[in-house]
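Report on the following structure.
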Amino acid sequence: MEFRHLQYGRRGISIAIGVALLGSFGVAAQPLDPVGPDSTARVAASDRSSDAAVADQQSRPASSSTAPTDLGTVVVTANKRSERLQDVPMAVSALQGQQLERESAVNFADYATRVPGLNVISNGQGWTQLVLRGITSGSGQGNATVGTYIDDAPYGSSTVYAAGGVLTPDIDPDDLQRIEVLRGPQGTLYGSNTLGGLIKFVTTPPDTSTASARVGAGYSSMSGGGSGFSSRAMANLPLVEGKLGLRVNAYQRNDPGYVDNSNTGRSDVNGAKVSGTRAQVLWTPSDRVSLRLSALAQNLSSDGLANVGVDVDRDTLRPLHGDLQQDRAAGTGLFKIKYRMYDASLNADMGWARFISSSTYSTEAMRSDVDYTQAYGPLLNPLFGLSNGGYALDNTITLGKFTQELRLQSPETQTLEWRAGVFYTREHSHNFQHMASFDATTGVPIALPQLADIGVGPAIFTEWAAYGDVTWHATSQLSVLVGARYTKDRTAYTQIGDGLLVGPTNFTTRGSDSPTTFLFNPSYKFSDDMMAYVRVASGFRPGGPNVGVPPGLGAPLTFGPDKLVSYELGFKSTVLDRRMTFDVAAFYIDWSKIQLTVSAGGFGFLGNGGKAKSQGLEAAWQFAPARGLVLSANASWTDPKLSADTQEGLFGYKGDRLPYVPKWNASLGIDYDFPLASGWSGFVGGNYRFIGSRTSDFRAVPGPRKEVPSYDGVDLRAGVNYGNWTIKAYVKNLTNERGITAIGAQTTDPDANPFSASYISPRTVGVSASVDF
């Protein structure tokens, strides 16, 4: 909900509604892996006993008595087949689930800085935009540039009509095998909305041979804020030995708040409750066939997250009402979101090829109640003769999404390795917005003429795609991969609205696109543990009918897809008897026909205009110099700039940096496991992170953009293991930094106070205990 682009006055009101509407639309070898075939040339068959056992082998922090002297082998499914991370000819980061558990990481804010080139633009938990390699048009971006997958299934909206750009699924990593981050466009293998890359949550599959369970609980306290509690449980049951298994996990968190509302006297208004569960059944009737059925649910709710920002001065960014204070009308701030996903994955090895089918149905339901009193109060209260009128935008979004993917892929031992697939998705969404009026101090409703009611929906988006790739293993060292994807998408969108601020509207608009993406990816292995590659890849986001623009006003009724081409050169190595890994990637990206929010005729809408380029360098390093000791570091330099002026209605000029992308990001980490008394072991660790300064959004009126300051932070952890017990303590944001993740004006004048700033969480101290059975 951004007002910094708006002009002050009556015309600014109608622009605000259009932009508000747009703002709400847009923020280990494995046995028979349902995601892809095993790389038999790279993974020993004797290791194919259990996916869950492999997950533990890859990522469970070892006790000092058994700590490896090397870094082990990390296996990923980034290319929709199981292979060593070292062998994947593109930039991929793998965050192991057990390490995330050790670090008490529960959301993107906790672990994003551990991935080079990954940044977040966040207006609070649940309202987060992911950015990879600088590909973003700003905090009001309507459609995602980073895709989200859970195992082999896409999750989240592919369109602007269900807030695909900002409602990024932030899945709790409890009992995850790992999180894979694919950096760079993935348009050929994964399709739309992967311009910058992809985040892939890889769940831990059932173990069909061994029963196990785990329970845990935790407590945390936040400096200047409240207290939090968490509980977690997991159970794995072999129902038929070696054939059928069930795995269930559940979690509940009360995340502490830290922002106080000076108007109502309420403290810690941005606290949140998060609960969820995942259940999976794995059936392996033979060593050639597997079927995995899964269900996922996660709920997030808060009485104040929709108003998460702290009121600050536009020029100095200093708090106006005191540290971590805001002034918001009574009864506003509600934010709730529910995720659901149901998936069936079939994997069959036919000898000459492997057949994979993934069928998924997912839903999303969101409701928010954002305070707009400081924007509309000065304009509407004199009109209605009110002294303390309050105004809020009540927004409800629902999404249902079905996807089906079928693919065949040849054995990897062939000189010409091939893969072909088809993909279908259908989204059905509704988005309703109501402008409410009430007493700003008490929250009691005030009867006024209808201000604004806008209903978008049904918005129906369908997409068909066919893709394929061929890898020529020219020699044992040289391989060349080429691939392409053809996509056909259609959108039908209906809008109904009425009220003083928007006027009567009732229309239906349709649009269609047929983008094609490609991939050229040669790689050369100097040895089994040293590789260089070149990757030329493209990506796109779908276009569609424009939001909030009735016919006859001269504004475009549709907007087109934006596209980019990325050129990447990378190097990966594992040396010193697997005790050190190092990878580096340099990239250059051309981005054209960028989807940008502009205004004309009193309405905000999406248009295609301007060009941008992003170039950068990313590096990651890990080293195990002694038994039990692991050091890590990553850094990225990113330089994203407009290479042409934005279109009329938005003031961005050639050479301007893209919004909210730091030039420098860096992270340092250390973990050490050591022996204690008999049966006991301990561990300590820490991370340092640095996020460079950023420039705020492009403006809809002339004037300078805000510079968002850099910040850093330190996280520490320590614990002990005894038998099956683990007890740990941690500190996040040790130095209690006030890092800003997003800013924006609260009024219809983009240069007037107050501004709202979203902060990272203050210093948090916590303890937890868990036991395995």
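Identifiers for the structure tokens are assigned positionally: chains receive A, B, ... in sequence, residues are indexed from 1 per chain, and ligands are indexed from 1 in the order shown.
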Excluding segment 689-703 of chain A and any residue of its chain fewer than 6 positions from it, enumerate the residues within 8 Å of it, using only C-alpha atoms, and give them as an mmCIF file with N, CA, C and O atoms, in the first residue's frame.
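Result file part.cif:
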data_model
loop_
_atom_site.group_PDB
_atom_site.id
_atom_site.type_symbol
_atom_site.label_atom_id
_atom_site.label_comp_id
_atom_site.auth_asym_id
_atom_site.auth_seq_id
_atom_site.Cartn_x
_atom_site.Cartn_y
_atom_site.Cartn_z
ATOM 1 N N ARG A 4 3.640 7.092 -1.718
ATOM 2 C CA ARG A 4 4.705 8.025 -2.023
ATOM 3 C C ARG A 4 4.722 8.427 -3.492
ATOM 4 O O ARG A 4 5.416 9.348 -3.877
ATOM 5 N N HIS A 5 3.967 7.727 -4.357
ATOM 6 C CA HIS A 5 3.929 8.068 -5.773
ATOM 7 C C HIS A 5 2.777 9.015 -6.109
ATOM 8 O O HIS A 5 2.565 9.326 -7.262
ATOM 9 N N LEU A 6 2.016 9.447 -5.114
ATOM 10 C CA LEU A 6 0.737 10.092 -5.422
ATOM 11 C C LEU A 6 0.827 11.603 -5.341
ATOM 12 O O LEU A 6 1.554 12.165 -4.537
ATOM 13 N N GLN A 7 0.015 12.259 -6.157
ATOM 14 C CA GLN A 7 -0.096 13.701 -6.082
ATOM 15 C C GLN A 7 -1.172 14.073 -5.065
ATOM 16 O O GLN A 7 -2.160 13.377 -4.900
ATOM 17 N N THR A 113 20.262 -13.720 4.146
ATOM 18 C CA THR A 113 21.610 -13.186 3.954
ATOM 19 C C THR A 113 22.656 -14.284 3.829
ATOM 20 O O THR A 113 23.813 -13.995 3.508
ATOM 21 N N SER A 137 11.261 -4.191 -9.538
ATOM 22 C CA SER A 137 10.830 -2.844 -9.897
ATOM 23 C C SER A 137 10.405 -2.052 -8.671
ATOM 24 O O SER A 137 9.934 -0.935 -8.800
ATOM 25 N N GLY A 138 10.557 -2.649 -7.469
ATOM 26 C CA GLY A 138 10.278 -1.907 -6.250
ATOM 27 C C GLY A 138 9.280 -2.581 -5.347
ATOM 28 O O GLY A 138 8.752 -3.660 -5.639
ATOM 29 N N SER A 139 8.978 -1.939 -4.216
ATOM 30 C CA SER A 139 8.153 -2.554 -3.179
ATOM 31 C C SER A 139 6.711 -2.759 -3.617
ATOM 32 O O SER A 139 6.011 -3.606 -3.062
ATOM 33 N N VAL A 598 2.370 2.865 -13.168
ATOM 34 C CA VAL A 598 2.335 4.268 -13.581
ATOM 35 C C VAL A 598 0.912 4.779 -13.382
ATOM 36 O O VAL A 598 0.014 4.038 -12.980
ATOM 37 N N SER A 599 0.685 6.062 -13.670
ATOM 38 C CA SER A 599 -0.652 6.632 -13.502
ATOM 39 C C SER A 599 -0.993 7.514 -14.688
ATOM 40 O O SER A 599 -0.127 8.154 -15.283
ATOM 41 N N GLY A 649 4.678 8.996 -16.743
ATOM 42 C CA GLY A 649 3.894 8.692 -15.554
ATOM 43 C C GLY A 649 4.730 8.157 -14.412
ATOM 44 O O GLY A 649 4.232 7.974 -13.300
ATOM 45 N N LEU A 650 6.031 7.940 -14.678
ATOM 46 C CA LEU A 650 6.943 7.464 -13.648
ATOM 47 C C LEU A 650 8.300 8.098 -13.911
ATOM 48 O O LEU A 650 8.771 8.119 -15.047
ATOM 49 N N PHE A 651 8.934 8.613 -12.839
ATOM 50 C CA PHE A 651 10.158 9.400 -13.014
ATOM 51 C C PHE A 651 11.382 8.568 -12.633
ATOM 52 O O PHE A 651 11.930 8.671 -11.535
ATOM 53 N N GLY A 652 11.779 7.717 -13.572
ATOM 54 C CA GLY A 652 13.013 6.972 -13.449
ATOM 55 C C GLY A 652 13.843 7.219 -14.688
ATOM 56 O O GLY A 652 13.312 7.232 -15.806
ATOM 57 N N ARG A 657 19.610 3.494 -10.115
ATOM 58 C CA ARG A 657 19.633 2.139 -9.568
ATOM 59 C C ARG A 657 18.210 1.612 -9.391
ATOM 60 O O ARG A 657 17.281 2.377 -9.102
ATOM 61 N N LEU A 658 18.044 0.313 -9.565
ATOM 62 C CA LEU A 658 16.756 -0.301 -9.296
ATOM 63 C C LEU A 658 16.489 -0.265 -7.793
ATOM 64 O O LEU A 658 17.423 -0.305 -6.979
ATOM 65 N N PRO A 659 15.215 -0.219 -7.390
ATOM 66 C CA PRO A 659 14.886 -0.006 -5.973
ATOM 67 C C PRO A 659 15.330 -1.148 -5.059
ATOM 68 O O PRO A 659 15.256 -2.324 -5.423
ATOM 69 N N TYR A 660 15.786 -0.761 -3.877
ATOM 70 C CA TYR A 660 16.005 -1.656 -2.748
ATOM 71 C C TYR A 660 17.035 -2.767 -3.003
ATOM 72 O O TYR A 660 16.981 -3.817 -2.365
ATOM 73 N N VAL A 661 17.958 -2.536 -3.905
ATOM 74 C CA VAL A 661 19.006 -3.529 -4.150
ATOM 75 C C VAL A 661 20.333 -2.973 -3.632
ATOM 76 O O VAL A 661 20.832 -1.974 -4.155
ATOM 77 N N PRO A 662 20.922 -3.590 -2.611
ATOM 78 C CA PRO A 662 22.214 -3.115 -2.115
ATOM 79 C C PRO A 662 23.332 -3.459 -3.091
ATOM 80 O O PRO A 662 23.291 -4.493 -3.765
ATOM 81 N N LYS A 663 24.320 -2.587 -3.160
ATOM 82 C CA LYS A 663 25.473 -2.893 -4.010
ATOM 83 C C LYS A 663 26.283 -4.032 -3.407
ATOM 84 O O LYS A 663 26.801 -4.889 -4.122
ATOM 85 N N TRP A 664 26.379 -4.055 -2.074
ATOM 86 C CA TRP A 664 27.166 -5.093 -1.392
ATOM 87 C C TRP A 664 26.321 -5.825 -0.361
ATOM 88 O O TRP A 664 25.570 -5.217 0.388
ATOM 89 N N ASN A 665 26.438 -7.131 -0.360
ATOM 90 C CA ASN A 665 25.905 -8.015 0.692
ATOM 91 C C ASN A 665 27.022 -8.957 1.101
ATOM 92 O O ASN A 665 27.811 -9.399 0.261
ATOM 93 N N ALA A 666 27.085 -9.313 2.376
ATOM 94 C CA ALA A 666 28.115 -10.251 2.817
ATOM 95 C C ALA A 666 27.660 -10.976 4.070
ATOM 96 O O ALA A 666 26.835 -10.468 4.844
ATOM 97 N N SER A 667 28.204 -12.159 4.269
ATOM 98 C CA SER A 667 27.888 -12.958 5.454
ATOM 99 C C SER A 667 29.099 -13.800 5.826
ATOM 100 O O SER A 667 29.792 -14.331 4.942
ATOM 101 N N LEU A 668 29.365 -13.912 7.125
ATOM 102 C CA LEU A 668 30.426 -14.761 7.666
ATOM 103 C C LEU A 668 29.815 -15.698 8.696
ATOM 104 O O LEU A 668 28.924 -15.287 9.453
ATOM 105 N N PRO A 709 19.571 3.421 4.629
ATOM 106 C CA PRO A 709 20.921 3.149 5.144
ATOM 107 C C PRO A 709 21.257 1.667 5.183
ATOM 108 O O PRO A 709 20.384 0.800 5.276
ATOM 109 N N SER A 710 22.550 1.376 5.131
ATOM 110 C CA SER A 710 23.046 0.015 5.312
ATOM 111 C C SER A 710 22.904 -0.400 6.771
ATOM 112 O O SER A 710 22.709 0.436 7.662
ATOM 113 N N TYR A 711 22.976 -1.695 7.014
ATOM 114 C CA TYR A 711 22.985 -2.189 8.387
ATOM 115 C C TYR A 711 23.696 -3.533 8.427
ATOM 116 O O TYR A 711 23.930 -4.169 7.403
ATOM 117 N N ASP A 712 24.063 -3.942 9.632
ATOM 118 C CA ASP A 712 24.679 -5.248 9.809
ATOM 119 C C ASP A 712 24.079 -5.902 11.043
ATOM 120 O O ASP A 712 23.199 -5.341 11.704
ATOM 121 N N GLY A 713 24.539 -7.094 11.356
ATOM 122 C CA GLY A 713 23.992 -7.809 12.507
ATOM 123 C C GLY A 713 24.817 -9.038 12.841
ATOM 124 O O GLY A 713 25.546 -9.566 11.994
ATOM 125 N N VAL A 714 24.689 -9.463 14.073
ATOM 126 C CA VAL A 714 25.402 -10.643 14.562
ATOM 127 C C VAL A 714 24.411 -11.574 15.239
ATOM 128 O O VAL A 714 23.587 -11.134 16.058
ATOM 129 N N ALA A 742 11.997 -1.484 4.315
ATOM 130 C CA ALA A 742 11.128 -0.790 3.355
ATOM 131 C C ALA A 742 10.667 0.513 3.993
ATOM 132 O O ALA A 742 10.520 0.596 5.228
ATOM 133 N N ILE A 743 10.446 1.537 3.174
ATOM 134 C CA ILE A 743 9.907 2.809 3.650
ATOM 135 C C ILE A 743 8.871 3.306 2.658
ATOM 136 O O ILE A 743 8.866 2.920 1.489
#
Non-local contacts of Pro640 of chain A (10 Å; only C-alpha atoms; under 4 positions in same chain excluded) as an NGL selection string = :A and (133-136 or 588-590 or 612-616 or 655-659 or 661-663)
Put those residues in a file: N, CA and C atoms, as a PDB file, in the first residue's frame.
ATOM      1  N   ARG A 133      19.569 -11.246  -7.664  1.00  0.00           N
ATOM      2  CA  ARG A 133      20.393 -10.597  -8.681  1.00  0.00           C
ATOM      3  C   ARG A 133      19.855  -9.234  -9.107  1.00  0.00           C
ATOM      4  N   GLY A 134      19.162  -8.550  -8.179  1.00  0.00           N
ATOM      5  CA  GLY A 134      18.738  -7.174  -8.425  1.00  0.00           C
ATOM      6  C   GLY A 134      17.537  -7.008  -9.307  1.00  0.00           C
ATOM      7  N   ILE A 135      16.804  -8.096  -9.621  1.00  0.00           N
ATOM      8  CA  ILE A 135      15.679  -8.006 -10.557  1.00  0.00           C
ATOM      9  C   ILE A 135      14.406  -7.679  -9.776  1.00  0.00           C
ATOM     10  N   THR A 136      14.099  -6.388  -9.681  1.00  0.00           N
ATOM     11  CA  THR A 136      12.889  -5.900  -9.011  1.00  0.00           C
ATOM     12  C   THR A 136      12.551  -4.523  -9.534  1.00  0.00           C
ATOM     13  N   TYR A 588      25.647 -10.977 -16.221  1.00  0.00           N
ATOM     14  CA  TYR A 588      25.167  -9.750 -16.847  1.00  0.00           C
ATOM     15  C   TYR A 588      23.758 -10.040 -17.362  1.00  0.00           C
ATOM     16  N   ILE A 589      22.799  -9.172 -17.033  1.00  0.00           N
ATOM     17  CA  ILE A 589      21.392  -9.406 -17.358  1.00  0.00           C
ATOM     18  C   ILE A 589      20.831  -8.214 -18.121  1.00  0.00           C
ATOM     19  N   ASP A 590      20.122  -8.489 -19.219  1.00  0.00           N
ATOM     20  CA  ASP A 590      19.345  -7.478 -19.953  1.00  0.00           C
ATOM     21  C   ASP A 590      17.867  -7.712 -19.674  1.00  0.00           C
ATOM     22  N   ALA A 612      16.449  -2.249 -18.251  1.00  0.00           N
ATOM     23  CA  ALA A 612      17.412  -2.265 -17.160  1.00  0.00           C
ATOM     24  C   ALA A 612      18.472  -3.316 -17.443  1.00  0.00           C
ATOM     25  N   LYS A 613      19.595  -3.136 -16.812  1.00  0.00           N
ATOM     26  CA  LYS A 613      20.645  -4.140 -16.846  1.00  0.00           C
ATOM     27  C   LYS A 613      21.114  -4.365 -15.418  1.00  0.00           C
ATOM     28  N   SER A 614      21.489  -5.580 -15.128  1.00  0.00           N
ATOM     29  CA  SER A 614      22.034  -5.909 -13.815  1.00  0.00           C
ATOM     30  C   SER A 614      23.289  -6.736 -14.030  1.00  0.00           C
ATOM     31  N   GLN A 615      24.358  -6.319 -13.406  1.00  0.00           N
ATOM     32  CA  GLN A 615      25.596  -7.074 -13.492  1.00  0.00           C
ATOM     33  C   GLN A 615      26.126  -7.282 -12.090  1.00  0.00           C
ATOM     34  N   GLY A 616      26.852  -8.366 -11.897  1.00  0.00           N
ATOM     35  CA  GLY A 616      27.312  -8.617 -10.552  1.00  0.00           C
ATOM     36  C   GLY A 616      28.268  -9.781 -10.452  1.00  0.00           C
ATOM     37  N   GLY A 655      20.428   5.161 -15.891  1.00  0.00           N
ATOM     38  CA  GLY A 655      21.502   5.228 -14.903  1.00  0.00           C
ATOM     39  C   GLY A 655      21.033   5.124 -13.468  1.00  0.00           C
ATOM     40  N   ASP A 656      19.712   5.296 -13.207  1.00  0.00           N
ATOM     41  CA  ASP A 656      19.189   5.159 -11.832  1.00  0.00           C
ATOM     42  C   ASP A 656      19.272   3.700 -11.383  1.00  0.00           C
ATOM     43  N   ARG A 657      19.610   3.494 -10.115  1.00  0.00           N
ATOM     44  CA  ARG A 657      19.633   2.139  -9.568  1.00  0.00           C
ATOM     45  C   ARG A 657      18.210   1.612  -9.391  1.00  0.00           C
ATOM     46  N   LEU A 658      18.044   0.313  -9.565  1.00  0.00           N
ATOM     47  CA  LEU A 658      16.756  -0.301  -9.296  1.00  0.00           C
ATOM     48  C   LEU A 658      16.489  -0.265  -7.793  1.00  0.00           C
ATOM     49  N   PRO A 659      15.215  -0.219  -7.390  1.00  0.00           N
ATOM     50  CA  PRO A 659      14.886  -0.006  -5.973  1.00  0.00           C
ATOM     51  C   PRO A 659      15.330  -1.148  -5.059  1.00  0.00           C
ATOM     52  N   VAL A 661      17.958  -2.536  -3.905  1.00  0.00           N
ATOM     53  CA  VAL A 661      19.006  -3.529  -4.150  1.00  0.00           C
ATOM     54  C   VAL A 661      20.333  -2.973  -3.632  1.00  0.00           C
ATOM     55  N   PRO A 662      20.922  -3.590  -2.611  1.00  0.00           N
ATOM     56  CA  PRO A 662      22.214  -3.115  -2.115  1.00  0.00           C
ATOM     57  C   PRO A 662      23.332  -3.459  -3.091  1.00  0.00           C
ATOM     58  N   LYS A 663      24.320  -2.587  -3.160  1.00  0.00           N
ATOM     59  CA  LYS A 663      25.473  -2.893  -4.010  1.00  0.00           C
ATOM     60  C   LYS A 663      26.283  -4.032  -3.407  1.00  0.00           C
TER      61      LYS A 663
END
Kindly indicate which residue among A:Asn143, A:Thr264, A:Asn107, A:Thr332 lies nearest to Gly543 of chain A, using only C-alpha atoms for the distances.
->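 Of A:Asn143, A:Thr264, A:Asn107, A:Thr332, the one nearest Gly543 of chain A is A:Asn143, counting only C-alpha atoms.
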Would you tabulate, counting only C-alpha atoms, all residues of segment 200-280 of chain A that have an atom at most 12 Å from an atom of segment 90-98 of chain A, showing the closest pair of atoms and their distance in Å to one decimal, sorted by chain then ascending number, as CSV?
residue,atom,partner,partner_atom,distance
A:Lys200,CA,A:Ala94,CA,9.5
A:Phe201,CA,A:Gly97,CA,9.7
A:Val202,CA,A:Gly97,CA,9.0
A:Thr203,CA,A:Gly97,CA,9.1
A:Thr204,CA,A:Gly97,CA,9.1
Skipping near chain neighbours, those fewer than 2 positions away, what residues fall within 9 Å of Pro285 of chain A using only C-alpha atoms, listed as a PyMOL selection string?
-> chain A and resi 242-244+283+287-291
